[in-house]
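Peer 1: My structure is stored as protein-v6.txt, with compact mmCIF, C-alpha atoms and all ligand atoms.
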```txt
# COMPACT_ATOMS: atom_id res chain seq x y z
CA MET A 118 200.03 -1.53 39.05
CA PHE A 119 203.54 -0.51 37.92
CA ASP A 120 204.02 1.21 34.60
CA THR A 121 207.68 0.44 33.92
CA TYR A 122 209.96 -2.54 34.34
CA LYS A 123 212.31 -0.31 36.32
CA LYS A 124 209.59 0.14 38.95
CA ILE A 125 208.65 -3.53 38.74
CA PHE A 126 212.24 -4.52 39.51
CA ASP A 127 212.48 -2.03 42.36
CA ASN A 128 209.56 -3.95 43.79
CA ARG A 129 210.86 -7.42 42.87
CA ALA A 130 214.49 -6.89 43.92
CA GLU A 131 214.15 -8.15 47.50
CA SER A 132 212.68 -11.56 46.67
CA TYR A 133 214.93 -11.93 43.59
CA HIS A 134 218.03 -11.21 45.66
CA LYS A 135 216.92 -13.53 48.47
CA ALA A 136 216.48 -16.36 45.95
CA MET A 137 219.96 -15.70 44.52
CA ARG A 138 221.50 -15.62 48.01
CA ASP A 139 219.64 -18.68 49.36
CA PHE A 140 220.53 -20.76 46.28
CA PRO A 141 223.83 -19.23 45.11
CA LEU A 142 224.77 -22.14 42.86
CA ALA A 143 221.43 -22.63 41.10
CA ARG A 144 222.46 -20.52 38.05
CA LYS A 145 226.12 -21.60 38.11
CA GLU A 146 226.17 -22.98 34.54
CA GLU A 147 224.52 -19.83 33.16
CA PHE A 148 227.22 -17.59 34.71
CA GLU A 149 230.00 -19.99 33.71
CA TRP A 150 228.90 -19.77 30.07
CA ALA A 151 228.88 -15.99 30.41
CA LEU A 152 232.45 -16.00 31.74
CA HIS A 153 233.47 -18.38 28.98
CA TYR A 154 232.27 -15.94 26.31
CA LEU A 155 233.56 -12.87 28.14
CA ALA A 156 237.08 -14.39 28.31
CA ILE A 157 238.30 -11.70 30.71
CA ASN A 158 242.00 -10.77 30.46
CA PRO A 159 244.12 -9.74 33.48
CA GLY A 160 243.63 -6.05 34.25
CA ASP A 161 240.41 -5.73 32.21
CA ASN A 162 237.79 -3.15 33.04
CA VAL A 163 234.50 -5.09 32.96
CA CYS A 164 231.00 -3.61 32.94
CA ASP A 165 227.99 -5.65 34.07
CA VAL A 166 224.74 -3.83 33.24
CA PRO A 167 222.22 -4.25 34.75
CA SER A 168 224.03 -6.20 37.41
CA GLY A 169 221.21 -7.00 39.86
CA GLY A 170 223.02 -7.69 43.14
CA GLY A 171 226.41 -8.19 41.41
CA TYR A 172 226.07 -11.96 41.13
CA LEU A 173 228.66 -12.28 38.35
CA LYS A 174 231.44 -11.48 40.83
CA ASP A 175 230.68 -14.64 42.83
CA PHE A 176 231.56 -16.77 39.82
CA ALA A 177 234.57 -14.70 38.78
CA LEU A 178 236.59 -14.77 41.99
CA ASP A 179 239.73 -15.87 40.14
CA GLU A 180 239.52 -13.11 37.55
CA ASP A 181 242.07 -10.32 37.87
CA CYS A 182 239.88 -7.45 36.68
CA PHE A 183 237.80 -4.47 37.79
CA PHE A 184 233.99 -4.72 37.82
CA ASN A 185 231.74 -1.74 37.11
CA PHE A 186 228.36 -2.88 38.34
CA LEU A 187 225.66 -0.63 36.91
CA GLU A 188 222.06 -1.02 38.04
CA THR A 189 218.90 0.82 37.14
CA SER A 190 217.05 -0.20 40.32
CA GLU A 191 218.24 1.38 43.58
CA SER A 192 216.88 -1.57 45.55
CA PHE A 193 218.93 -4.05 43.53
CA ALA A 194 222.07 -1.90 43.73
CA SER A 195 221.74 -1.63 47.52
CA TYR A 196 222.42 -5.37 47.81
CA ASN A 197 225.72 -5.17 45.98
CA VAL A 198 228.62 -4.92 48.43
CA ASP A 199 231.63 -3.30 46.79
CA CYS A 200 235.17 -4.53 47.30
CA PRO A 201 238.51 -3.07 46.11
CA ASN A 202 237.96 -4.44 42.61
CA SER A 203 234.36 -3.36 42.11
CA LYS A 204 232.21 -0.25 42.06
CA THR A 205 228.42 -0.13 41.94
CA GLN A 206 226.51 2.80 40.49
CA VAL A 207 222.82 3.47 39.89
CA CYS A 208 222.03 4.87 36.46
CA GLU A 209 219.70 4.80 33.50
CA PHE A 210 220.29 2.12 30.89
CA GLU A 211 220.54 4.82 28.23
CA ASP A 212 223.02 6.97 30.20
CA LEU A 213 225.89 4.92 31.63
CA PRO A 214 228.25 6.77 34.02
CA LEU A 215 231.39 5.63 32.21
CA ALA A 216 233.84 7.46 29.95
CA ASN A 217 233.97 6.88 26.21
CA GLN A 218 235.94 3.75 25.24
CA SER A 219 236.79 2.90 28.86
CA VAL A 220 235.56 -0.69 29.07
CA ASP A 221 237.25 -3.88 27.79
CA SER A 222 234.16 -6.03 28.04
CA LEU A 223 230.50 -5.42 28.80
CA ILE A 224 227.86 -7.99 29.71
CA CYS A 225 224.11 -7.48 29.66
CA LEU A 226 222.49 -10.58 31.19
CA ALA A 227 218.76 -11.29 31.35
CA ALA A 228 217.60 -7.70 30.90
CA LEU A 229 217.27 -6.66 27.28
CA HIS A 230 213.87 -8.32 26.92
CA HIS A 231 212.50 -5.71 29.34
CA VAL A 232 213.91 -2.73 27.45
CA ASP A 233 211.94 -0.76 24.82
CA ASN A 234 214.56 1.77 23.78
CA ARG A 235 217.20 -0.70 22.57
CA GLU A 236 218.73 1.57 19.93
CA LYS A 237 219.72 4.08 22.62
CA VAL A 238 221.04 1.30 24.85
CA PHE A 239 223.16 -0.16 22.03
CA GLN A 240 224.56 3.30 21.23
CA GLU A 241 225.54 3.64 24.89
CA PHE A 242 227.20 0.20 24.89
CA ARG A 243 229.16 1.18 21.79
CA ARG A 244 230.22 4.50 23.35
CA VAL A 245 231.70 3.01 26.55
CA VAL A 246 233.35 -0.11 25.08
CA LYS A 247 236.85 0.20 23.61
CA SER A 248 237.11 -0.34 19.85
CA GLN A 249 238.88 -3.69 20.42
CA GLY A 250 236.52 -4.55 23.29
CA LYS A 251 233.68 -7.02 23.56
CA ILE A 252 229.93 -6.80 24.18
CA LEU A 253 228.12 -9.92 25.40
CA ILE A 254 224.35 -9.98 25.33
CA VAL A 255 222.71 -12.93 27.04
CA ASP A 256 218.97 -13.23 26.90
CA VAL A 257 215.89 -15.29 26.16
CA GLU A 258 215.20 -16.22 22.55
CA GLU A 259 211.77 -15.70 21.01
CA GLY A 260 209.88 -19.01 20.70
CA SER A 261 212.02 -20.84 23.31
CA ASN A 262 210.56 -22.82 26.21
CA THR A 263 212.00 -20.21 28.56
CA ALA A 264 210.11 -17.49 26.66
CA GLY A 265 206.86 -19.46 27.11
CA PHE A 266 207.55 -19.96 30.81
CA LEU A 267 208.08 -16.22 31.33
CA ASN A 268 205.39 -14.69 29.14
CA VAL A 269 202.67 -17.27 29.84
CA PHE A 270 203.30 -18.92 33.21
CA VAL A 271 205.07 -16.06 35.06
CA ASN A 272 202.69 -13.58 33.45
CA GLU A 273 199.76 -15.48 34.99
CA TYR A 274 201.20 -16.05 38.47
CA ASN A 275 203.15 -12.82 39.13
CA SER A 276 200.61 -10.12 40.00
CA MET A 277 202.74 -7.54 38.14
CA GLY A 278 202.73 -9.74 35.00
CA HIS A 279 205.54 -10.49 32.54
CA ASN A 280 205.62 -9.25 28.97
CA GLY A 281 209.14 -9.69 27.58
CA SER A 282 210.21 -8.80 24.03
CA PHE A 283 212.59 -11.64 23.40
CA ILE A 284 215.63 -11.94 21.15
CA ASN A 285 214.94 -12.33 17.41
CA GLY A 286 216.52 -11.30 14.12
CA GLN A 287 215.50 -7.69 14.68
CA VAL A 288 217.86 -7.47 17.65
CA VAL A 289 220.78 -8.61 15.51
CA ASN A 290 219.81 -6.07 12.81
CA SER A 291 219.56 -3.36 15.41
CA LEU A 292 223.02 -4.20 16.80
CA GLU A 293 224.53 -4.06 13.33
CA LYS A 294 222.69 -0.83 12.54
CA ASN A 295 224.48 0.67 15.54
CA GLU A 296 227.85 -0.52 14.19
CA ILE A 297 228.11 -3.38 16.66
CA THR A 298 229.33 -6.48 14.83
CA VAL A 299 227.88 -9.83 15.90
CA VAL A 300 230.76 -12.34 15.91
CA SER A 301 228.89 -15.32 17.36
CA TYR A 302 225.31 -16.25 18.24
CA ASN A 303 224.95 -19.42 20.31
CA SER A 304 221.79 -20.82 21.88
CA HIS A 305 222.41 -22.95 24.95
CA THR A 306 220.17 -25.15 27.03
CA PHE A 307 221.73 -25.71 30.44
CA GLN A 308 220.45 -26.63 33.88
CA TRP A 309 219.54 -24.69 36.97
CA THR A 310 220.19 -27.18 39.79
CA PHE A 311 218.83 -27.65 43.31
CA ASP A 312 219.14 -30.10 46.19
CA ASN A 313 215.46 -31.03 45.98
CA GLU A 314 212.10 -30.04 44.52
CA HIS A 315 211.22 -27.77 47.45
CA CYS A 316 214.39 -25.72 46.84
CA MET A 317 213.56 -25.46 43.11
CA VAL A 318 210.03 -24.21 43.88
CA THR A 319 211.28 -21.73 46.51
CA PHE A 320 213.92 -20.35 44.13
CA CYS A 321 211.45 -19.90 41.27
CA ARG A 322 208.84 -18.29 43.54
CA GLY A 323 211.39 -15.72 44.73
CA LEU A 324 213.23 -15.07 41.46
CA PHE A 325 210.07 -14.65 39.40
CA GLY A 326 207.88 -13.10 42.11
CA LEU A 327 205.23 -15.84 41.79
CA ASP A 328 203.00 -14.41 44.51
CA LYS A 329 199.78 -15.92 43.05
CA ALA A 330 201.08 -19.50 42.68
CA THR A 331 200.84 -22.48 45.00
CA ASP A 332 203.78 -24.89 45.12
CA GLU A 333 201.74 -27.26 42.91
CA ASP A 334 201.17 -24.49 40.34
CA ILE A 335 204.93 -23.86 40.18
CA ILE A 336 205.75 -27.55 39.76
CA HIS A 337 203.08 -27.78 37.05
CA GLY A 338 204.51 -24.73 35.21
CA ILE A 339 208.04 -26.14 35.37
CA LYS A 340 206.79 -29.49 34.04
CA ILE A 341 205.04 -27.81 31.10
CA TYR A 342 207.91 -25.54 30.04
CA LEU A 343 211.21 -26.46 31.68
CA ASN A 344 211.63 -30.25 31.50
CA PRO A 345 212.62 -30.98 35.12
CA HIS A 346 215.07 -33.82 35.80
CA TYR A 347 214.72 -35.70 39.07
CA GLN A 348 217.87 -37.49 40.25
CA GLN A 349 218.70 -39.08 43.57
CA ASN A 350 220.32 -36.06 45.25
CA GLN A 351 219.50 -33.30 42.81
CA VAL A 352 216.65 -31.72 40.86
CA SER A 353 217.23 -29.52 37.83
CA LEU A 354 215.30 -27.67 35.16
CA ASP A 355 216.29 -26.67 31.63
CA TRP A 356 216.93 -23.00 30.97
CA ASP A 357 217.49 -21.74 27.40
CA LEU A 358 219.42 -18.58 26.64
CA VAL A 359 221.22 -17.13 23.66
CA TYR A 360 224.78 -15.76 24.09
CA ILE A 361 225.57 -13.06 21.51
CA VAL A 362 229.20 -11.97 21.32
CA CYS A 363 229.84 -8.66 19.56
CA ASN A 364 232.68 -6.28 18.94
C1 LIG A 401 216.16 -10.42 35.56
S1 LIG A 401 217.10 -9.12 36.29
C2 LIG A 401 218.75 -9.57 35.81
C3 LIG A 401 219.78 -9.10 36.81
C4 LIG A 401 221.15 -9.78 36.63
N1 LIG A 401 221.77 -9.38 35.38
C5 LIG A 401 220.99 -11.27 36.70
O1 LIG A 401 221.24 -11.94 35.68
O2 LIG A 401 220.60 -11.78 37.77
C6 LIG A 401 216.68 -7.81 35.21
C7 LIG A 401 217.44 -6.51 35.48
O3 LIG A 401 217.12 -5.54 34.49
C8 LIG A 401 216.80 -4.29 35.11
N2 LIG A 401 215.73 -3.75 34.26
C9 LIG A 401 214.64 -4.41 33.92
N3 LIG A 401 213.88 -3.67 33.10
C10 LIG A 401 214.52 -2.52 32.91
C11 LIG A 401 214.22 -1.36 32.13
N4 LIG A 401 213.12 -1.27 31.40
N5 LIG A 401 215.10 -0.37 32.16
C12 LIG A 401 216.19 -0.47 32.87
N6 LIG A 401 216.55 -1.57 33.61
C13 LIG A 401 215.70 -2.57 33.64
C14 LIG A 401 216.41 -4.64 36.53
O4 LIG A 401 216.73 -3.60 37.44
C15 LIG A 401 217.20 -5.88 36.81
O5 LIG A 401 218.46 -5.59 37.34
```
Represent the structure from my file as structure tokens, please.
Ligand SMILES: C[S@@+](CC[C@H](N)C(=O)[O-])C[C@H]1O[C@@H](n2cnc3c(N)ncnc32)[C@H](O)[C@@H]1O
Peer 2:
Amino acid sequence: MFDTYKKIFDNRAESYHKAMRDFPLARKEEFEWALHYLAINPGDNVCDVPSGGGYLKDFALDEDCFFNFLETSESFASYNVDCPNSKTQVCEFEDLPLANQSVDSLICLAALHHVDNREKVFQEFRRVVKSQGKILIVDVEEGSNTAGFLNVFVNEYNSMGHNGSFINGQVVNSLEKNEITVVSYNSHTFQWTFDNEHCMVTFCRGLFGLDKATDEDIIHGIKIYLNPHYQQNQVSLDWDLVYIVCN
């Protein structure tokens, strides 16, 4: 139905953003790990690409920095409300609207697995980040439970499908080939948390666009791939990502 992930995300942005807004703390740990690795300094110029609706800012309220939110999907970018310390721009991944060596740190969260032309994207990251700056890539690792959830379960129950090319050794080689040095590579399993099972199902339906799934299908998929934990006042699932710090 849609030939590129850019078009798919234009179409998916509304339900993705609604899920993020209705359950703003669900991915808290994921963003906290990102901020841990970014280690923003006062006055830093930070680039978040692609930023979705600018969710990073909600977890970085105490940071004294400037956010360049770059998004490839106009629908996603339209949800991002700028404030004095942020600016949102729509652009191509391979053509960022930033000057050479203008950014102290750049984060690319949950997007690279949708991108074919990674060499060009890495060259662009290298161009805009200062020589002493940092690049943080956060994504799904090949062979992880999260990868199975996305490419098998989401692929079956999202009518636009899901076919991610996940992180493997080739990505590290490709970074190094583009003179980006990998300084750490850490896989983390953390939790996405919800008040109850209904909230977890509603969040997953919206975030992943599971238009073909019943609630029971979604619970079944989470049980197969994401090891849900049921506690008295909270339900959570395991989410695996790799955090790659480069300079
Ligand atoms: C899963 S969302 C992640 C958004 C945000 N970083 C977050 O963590 O919530 C994937 C993002 O990648 C962008 N994207 C996906 N495929 C793309 C492609 N092939 N080229 C450019 N951007 C793409 C989408 O617009 C979307 O913002």
Peer 1: Set the cut-off to 10 Å, count only C-alpha atoms and all ligand atoms, and list whatever residues fall near ligand LIG 401 (chain A) as an MDAnalysis selection string.
Peer 2: chainID A and resid 120:130 133:134 137 144 147:148 165:173 186:194 207:211 224:235 238 255:256 281 324:325
Peer 1: Taking all atoms listed in the file into account, name the residue in A:Asp199, A:Asp221, A:Asp212, A:Glu296 that is nearest to A:Val246.
Peer 2: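 With all atoms listed in the file as the atom set, the closest residue is A:Asp221.
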Peer 1: For atom CA of A:Ile339 and atom CA of A:Arg322, quote the distance in Å rounded to one decimal.
Peer 2: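 Distance between the two atoms: 11.4 Å.
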Peer 1: Can you tell me, as JSON, the centre and edge lengths (Å, one decimal) of the axis-aligned box enclosing all of stretch 292-306 of chain A's listed atoms after padding each side by 8 Å?
Peer 2:
```
{"center_x": 225.5, "center_y": -12.2, "center_z": 19.8, "size_x": 26.6, "size_y": 41.8, "size_z": 30.5}
```
Peer 1: Quick one: residues within 12 Å of A:Asn344, only C-alpha atoms, excluding same-chain residues fewer than 6 positions away - as a list in words?
Peer 2: Asn262, Thr263, Phe266, Thr306, Phe307, Gln308, Trp309, Ile336, His337, Gly338, Val352, Ser353, Leu354, Asp355, Trp356 and Asp357 of chain A
Peer 1: With distances taken over all atoms listed in the file, which residue among A:Glu293, A:Asp332, A:Glu131, A:Asp179 lies nearest A:Gln240?
Peer 2: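 Smallest separation from A:Gln240 among the options: A:Glu293.
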Peer 1: For a quick check of understanding, using all atoms listed in the file, which of A:Asn217, A:Asn185, A:Glu241, A:Asn275 has the smallest distance to A:Asn202?
Peer 2: A:Asn185
Peer 1: With distances taken over all atoms listed in the file, which residue among A:Ile335, A:Ile284, A:Ile254, A:Ala330 lies nearest A:His315?
Peer 2: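 The shortest atom-to-atom distance to A:His315 comes from A:Ile335.
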Peer 1: Which of these, A:Leu358, A:Cys164, A:Cys316, A:Ile297, has the shortest distance to A:Pro141 once you count only C-alpha atoms?
Peer 2: A:Cys316
Peer 1: Will you give me stretch 204-308 of chain A, written with C-alpha atoms and laid out as a compact mmCIF listing (two decimals), in the first residue's frame?
Peer 2:
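Produced file part-v3.txt, reproduced below:
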```txt
# COMPACT_ATOMS: atom_id res chain seq x y z
CA LYS A 204 13.31 24.17 16.89
CA THR A 205 11.58 21.58 14.71
CA GLN A 206 12.35 21.16 11.03
CA VAL A 207 11.16 18.72 8.38
CA CYS A 208 13.94 17.27 6.25
CA GLU A 209 15.34 14.20 4.57
CA PHE A 210 17.45 11.88 6.69
CA GLU A 211 20.28 12.22 4.16
CA ASP A 212 20.13 16.05 4.05
CA LEU A 213 19.98 17.59 7.53
CA PRO A 214 19.36 21.37 7.66
CA LEU A 215 22.28 22.02 10.02
CA ALA A 216 25.70 23.59 9.48
CA ASN A 217 28.88 21.54 9.44
CA GLN A 218 30.19 20.73 12.93
CA SER A 219 27.36 22.59 14.67
CA VAL A 220 26.03 19.90 17.00
CA ASP A 221 27.46 18.71 20.34
CA SER A 222 25.41 15.54 20.48
CA LEU A 223 23.07 13.75 18.11
CA ILE A 224 20.60 10.98 18.94
CA CYS A 225 18.89 8.66 16.48
CA LEU A 226 16.31 6.62 18.40
CA ALA A 227 14.24 3.76 16.98
CA ALA A 228 14.61 4.70 13.33
CA LEU A 229 17.73 3.28 11.71
CA HIS A 230 16.12 -0.13 11.17
CA HIS A 231 13.78 1.54 8.67
CA VAL A 232 16.55 3.20 6.67
CA ASP A 233 18.15 1.65 3.56
CA ASN A 234 20.72 4.31 2.73
CA ARG A 235 22.66 4.18 6.00
CA GLU A 236 26.03 5.19 4.54
CA LYS A 237 24.59 8.54 3.44
CA VAL A 238 22.88 9.01 6.80
CA PHE A 239 26.12 8.30 8.70
CA GLN A 240 28.02 10.74 6.48
CA GLU A 241 25.41 13.37 7.32
CA PHE A 242 25.69 12.65 11.06
CA ARG A 243 29.46 13.01 10.82
CA ARG A 244 29.15 16.30 8.91
CA VAL A 245 26.88 18.06 11.45
CA VAL A 246 28.47 16.77 14.69
CA LYS A 247 31.49 18.62 16.09
CA SER A 248 34.76 16.68 16.08
CA GLN A 249 34.62 16.35 19.89
CA GLY A 250 30.87 15.65 19.78
CA LYS A 251 28.86 12.50 20.32
CA ILE A 252 26.54 10.36 18.20
CA LEU A 253 24.12 8.01 19.99
CA ILE A 254 22.34 5.37 17.97
CA VAL A 255 19.61 3.47 19.79
CA ASP A 256 17.86 0.68 17.99
CA VAL A 257 16.68 -2.90 17.89
CA GLU A 258 19.30 -5.64 17.71
CA GLU A 259 19.04 -8.45 15.17
CA GLY A 260 17.87 -11.69 16.83
CA SER A 261 16.39 -9.96 19.92
CA ASN A 262 12.88 -10.63 21.22
CA THR A 263 11.97 -7.08 20.23
CA ALA A 264 13.10 -7.81 16.65
CA GLY A 265 10.82 -10.88 16.58
CA PHE A 266 7.90 -8.89 17.96
CA LEU A 267 8.29 -6.24 15.25
CA ASN A 268 9.10 -8.32 12.18
CA VAL A 269 6.77 -11.24 12.94
CA PHE A 270 3.93 -10.06 15.18
CA VAL A 271 3.64 -6.40 14.08
CA ASN A 272 4.25 -7.46 10.48
CA GLU A 273 1.20 -9.75 10.71
CA TYR A 274 -1.17 -7.38 12.51
CA ASN A 275 -0.29 -3.97 11.01
CA SER A 276 -1.86 -3.82 7.55
CA MET A 277 1.18 -1.86 6.28
CA GLY A 278 3.53 -4.58 7.59
CA HIS A 279 6.90 -4.28 9.34
CA ASN A 280 10.20 -5.27 7.79
CA GLY A 281 13.04 -3.78 9.84
CA SER A 282 16.75 -4.30 9.12
CA PHE A 283 18.01 -4.52 12.66
CA ILE A 284 21.38 -3.70 14.19
CA ASN A 285 24.20 -6.19 13.54
CA GLY A 286 27.96 -6.15 13.03
CA GLN A 287 27.53 -4.62 9.59
CA VAL A 288 26.16 -1.44 11.16
CA VAL A 289 29.26 -1.10 13.34
CA ASN A 290 31.49 -1.70 10.29
CA SER A 291 29.56 0.87 8.34
CA LEU A 292 29.92 3.46 11.13
CA GLU A 293 33.66 2.88 11.28
CA LYS A 294 33.94 3.00 7.49
CA ASN A 295 32.47 6.49 7.71
CA GLU A 296 35.09 7.50 10.30
CA ILE A 297 32.64 7.32 13.19
CA THR A 298 34.33 5.57 16.12
CA VAL A 299 32.19 3.29 18.26
CA VAL A 300 33.19 3.89 21.90
CA SER A 301 30.58 1.70 23.57
CA TYR A 302 27.93 -0.83 22.54
CA ASN A 303 25.49 -1.80 25.28
CA SER A 304 22.39 -3.96 24.98
CA HIS A 305 19.72 -3.19 27.56
CA THR A 306 16.49 -4.92 28.49
CA PHE A 307 14.24 -2.50 30.34
CA GLN A 308 10.52 -2.21 30.96
```
